[in-house]
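Asker: Below you'll find the structure I mean.
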Amino acid sequence: MSENVSTATHPTPLLQDTFTVGSRTFSSRLLVGTGKYKDMSETGEAIAASAAEIVTVAIRRTNIGQNSNEPNLLDVISPDKYTILPNTAGCFDAETAIRTCKLARELLDGHNLVKLEVLGDEKTLYPNITETLKAAQVLVDDGFEVMVYSSDDPIVAQELESMGCVAIMPLGSLIGSGLGLLNRHTLSLIIENAKVPVLVDAGVGTASDAAIAMELGCDGVLMNSAIANAQNPVMMAHAMKHAVWAGRAAFLAGRMPMRKMATASSPQTGYFFQ
C-alpha cells in the first residue's frame, strides 16, 4: 500500500507520517511481541523503549485475565496505553484459531483487531495457507479486523486482501530464525499490489533487517525474538525503533538510482589545474 511521498506535498513527512490498519491509525510503525523476556519488568521496559503502539499477545500462551491466579500481562502493558493485538500463535487449524480470536474478544471487552496465524508444522512454523484462508473468511464475516500472517506469496496476499483482511503480514524468514529478509523480490511484489498495509512478520534478527523492510516500502515491521533474545533487549528495542524510522525516512526520501559504473561525486568541470 505504501507510496513514495514527495516532500513538496509533505514538508515534514515523518512528523505527520501515520498508517491506518482497519479502523485504527498509528504513528509508530514498529509492532512488538511480549514473549521470551526474562520477566514482566524487562517486558515492560523493552516495549516502552521500542515506542511501539501495537503490542501483540499470544492468547494461548499468555495470561491477560483468563487465569486469575497468575500475573496478568496487562498490568505491564496497559490497554489504556497500547493497542493490544491478540494473536493465534500455537494454532494449527482454522477452528482453534477462530475460537482463540473469539476468546480474546471476550477478554478484551469486544476488541476486534486480531493477528491471525495458522501454522503448518512445529518445526518450521510456516503458515498453513489453506487453514489460514478458511479462518480469515470466518473471522472477517464475524466482524473481526484481521491482520494475517502469511507466506511471501503475492497471489495469497491478493486473496487475503480481497476477502477483507486489513493487513497482510508476509514472513521475512522463519519465525524466530533471525535470518532477515530472504526474498526481497516477492515482498516487493506484494507491496506494489496491495491496497492494505503490508508488514513484515517473522525473521528479523537485527536493526538492519528492519531498515531494509521499511526501505522496500513496507508499512511496518512486527518482531519479538530479535528484541527479546538480544543480549540487551532494552538497547535492541531502542535500535529497532530508530531502524524502522530510518528505513521509512529513506523510503520517503527516494534512494538514488543504482548504476553499474562509477559516477564522480564532485563536478567534472572548473578544474583549477589542467
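Ligands are numbered from 1 in the order shown, residues from 1 within each chain, and chains are lettered A, B, ... in the order they appear in the C-alpha cells.
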How would you write, as number ranges by chain, the set of residues in range 106-230 of chain A that DSSP gives as helix (DSSP H, G or I)?

Answerer: A: 106-107, 129-141, 154-162, 184-193, 207-216, 225-228

Asker: Where does DSSP see strand (DSSP E) in range 97-254 of chain A, if you list the residues as a PyMOL selection string?

Answerer: chain A and resi 113-116+145-150+167-170+199-201+220-223

Asker: So which residues touch Tyr82 in chain A within 9 Å, counting only C-alpha atoms, skipping near sequence neighbours fewer than 6 positions away, as a list of chain:residue names?

Answerer: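 Close residues of Tyr82 in chain A: A:Ala52, A:Glu53, A:Ile54, A:Val55.
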
Asker: Let me make sure I understand: among A:Asp80, A:Thr124, A:Val234, A:Arg24, which one has the smallest atom-to-atom distance to Gly44 in chain A if we use only C-alpha atoms?

Answerer: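 Looking only at the distances to Gly44 in chain A, the closest residue turns out to be A:Val234.
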
Asker: Can you tell me which residues surround range 91-100 of chain A at a distance of at most 7 Å, considering only C-alpha atoms, apart from same-chain residues fewer than 6 positions away, and format the answer as number ranges by chain?

Answerer: A: 59, 118-120, 131-132, 134-135, 139

Asker: Restricting the calculation to only C-alpha atoms, which member of A:Leu103, A:Leu182, A:Val21, A:Ala264 is positioned closest to Gly164 in chain A?

Answerer: A:Val21

Asker: Between A:Lys115, A:Lys123, A:Lys260, A:Arg105, which one has atoms that come closest to Val146 in chain A, using only C-alpha atoms?

Answerer: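 So, comparing all the options, the nearest one is A:Lys115.
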
Asker: With only C-alpha atoms as the basis for distance, which of A:Pro127, A:Thr34, A:Asp17, A:Ala104 is at the shortest distance from Ile77 in chain A?

Answerer: A:Thr34

Asker: Pick out the residues sitting within 7 Å of Ala202 in chain A, and hand them over as a ChimeraX atom specification; count only C-alpha atoms, and ignore anything fewer than 4 positions along from it in its own chain.

Answerer: /A:171-176,223

Asker: Excluding Gly217 in chain A and residues on its chain fewer than 6 positions from it, collect all residues at most 12 Å away from it, counting only C-alpha atoms, and give them as a PyMOL selection string.

Answerer: chain A and resi 1-5+29+184-185+187-194+197-200+210-211+244+247-255

Asker: Just checking: using only C-alpha atoms, which residue out of A:Glu117, A:Glu215, A:Asp75, A:Glu159 ends up closest to Ala58 in chain A?

Answerer: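 Answer, going by the shortest atom-to-atom distance: A:Glu117.
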
Asker: Let me make sure I understand: among A:Ala237, A:Val140, A:Gln231, A:Ala167, which one has the smallest atom-to-atom distance to Cys218 in chain A if we use only C-alpha atoms?

Answerer: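 Selected residue with least distance to Cys218 in chain A: A:Ala167.
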